[in-house]
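> Can you read through this structure? Questions will come right after.
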Amino acid sequence: MEQDEALFSRVRSGDRQALAALVERYHSPLLKFLFRMTGQAQTAEDLVQETFVRLLTYRRAAPDRFRPWVFTIACNLARDRFRSASFRKEVDARLDSDLDDEVTVDPQDVESLVLQASDSRRVILLLQRLPASQREVLVLRFYHELPLEEIAEITGVPLGTVKSRLFHGLRRARQILEREEVS
C-alpha cells in the first residue's frame, strides 16, 4: 500500500487515482471525527468536502506526515464552524429540546461510556456541551485512538495542554452526567 505522503505528492501533480485513494482512506475517518465534533451529519459532510478542497488547493511545501496534517485541516474547519453564530444557535436549540430526556448513564465511568457507546446520541449531545477544545481532544483520543503526541500535533498545542484538556473534559463530562442524573 502506497504511503499517504506519496499519494498526496501524486495528487499535487494532478493524479486523480491518487486523489481517489486518499478520499477512500480518509473520507470515513474524517466524517466520523467531524460528526462527533459538530453533532450534525450534513455539517460534517460539508466540512469533509471542504477539507478535500483545501488539499487540492494547497500550494505550500508538502507535509512530512499526512494523517495529522489532514486532521489538523478538518479540526481547524470545525473550529471555524464552532465560532459561527448560526452553529451556536443550532446547538442551543438541540440541547434545549433534549433537556427533558432521562439520563441512564453511570457517571462514574465516562471513559467506558465513550468507548462503548460510540454512536450513541447521548454521547454526541454530551460532547456538544463540552468546550470545543476539550471535545476535540476527547474525540481524537477515544474515537480515533490517536496517541497524545499526535493529538498535540493536530491541535497545535503542547502535550501538557492536551493532557490537561483530556482530564478537564472527562471531569466536565462526569459533572454534566451527575447533574442530569440528579435532575
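Letters for chains follow the order of the C-alpha cells (A, B, ...), residue numbers begin at 1 for each chain, and ligand numbers begin at 1 in the order shown.
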Please report, as a count of residues only, each residue of range 8-61 of chain A to which DSSP assigns alpha helix (DSSP H) when run on this structure's backbone.

45

> Write out as a list of chain:residue names each polymer residue whose atoms come within 9 Å of Glu136 in chain A, counting only C-alpha atoms; drop sequence neighbours fewer than 4 positions from it.

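In the requested format, the answer is A:Phe33, A:Arg36, A:Met37, A:Cys75, A:Leu127, A:Pro131, A:Ala132, A:Leu140, A:Arg141, A:Ile151, A:Thr155.
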
> Output C-alpha atoms for every residue in the selection just made, as a PDB file, in the first residue's frame.


ATOM      1  CA  PHE A  33     -14.465  12.855  13.513  1.00  0.00           C
ATOM      2  CA  ARG A  36     -18.683  13.803  16.614  1.00  0.00           C
ATOM      3  CA  MET A  37     -17.299  17.326  16.733  1.00  0.00           C
ATOM      4  CA  CYS A  75     -10.063  20.366  13.075  1.00  0.00           C
ATOM      5  CA  LEU A 127     -19.774  16.082  23.659  1.00  0.00           C
ATOM      6  CA  PRO A 131     -15.897  23.330  25.197  1.00  0.00           C
ATOM      7  CA  ALA A 132     -14.629  22.724  21.663  1.00  0.00           C
ATOM      8  CA  LEU A 140      -9.388  12.220  18.778  1.00  0.00           C
ATOM      9  CA  ARG A 141      -8.308  10.153  21.783  1.00  0.00           C
ATOM     10  CA  ILE A 151      -3.279  14.952  19.125  1.00  0.00           C
ATOM     11  CA  THR A 155      -4.484  20.643  17.635  1.00  0.00           C
TER      12      THR A 155
END

> So that I can see what lies close to Val139 in chain A, please list as a PyMOL selection string the residues with an atom at most 12 Å from it, counting only C-alpha atoms and leaving out residues fewer than 4 positions away in the same chain.

chain A and resi 29-30+32-39+71+75+111+114-115+118-119+123-124+126-128+130+132-135+143-148+151+155+165-166+169-170

> One decimal, in Å: what's the spacing between CA of Val137 in chain A and CA of Thr43 in chain A?

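Separating CA of Val137 in chain A from CA of Thr43 in chain A is a distance of 19.4 Å.
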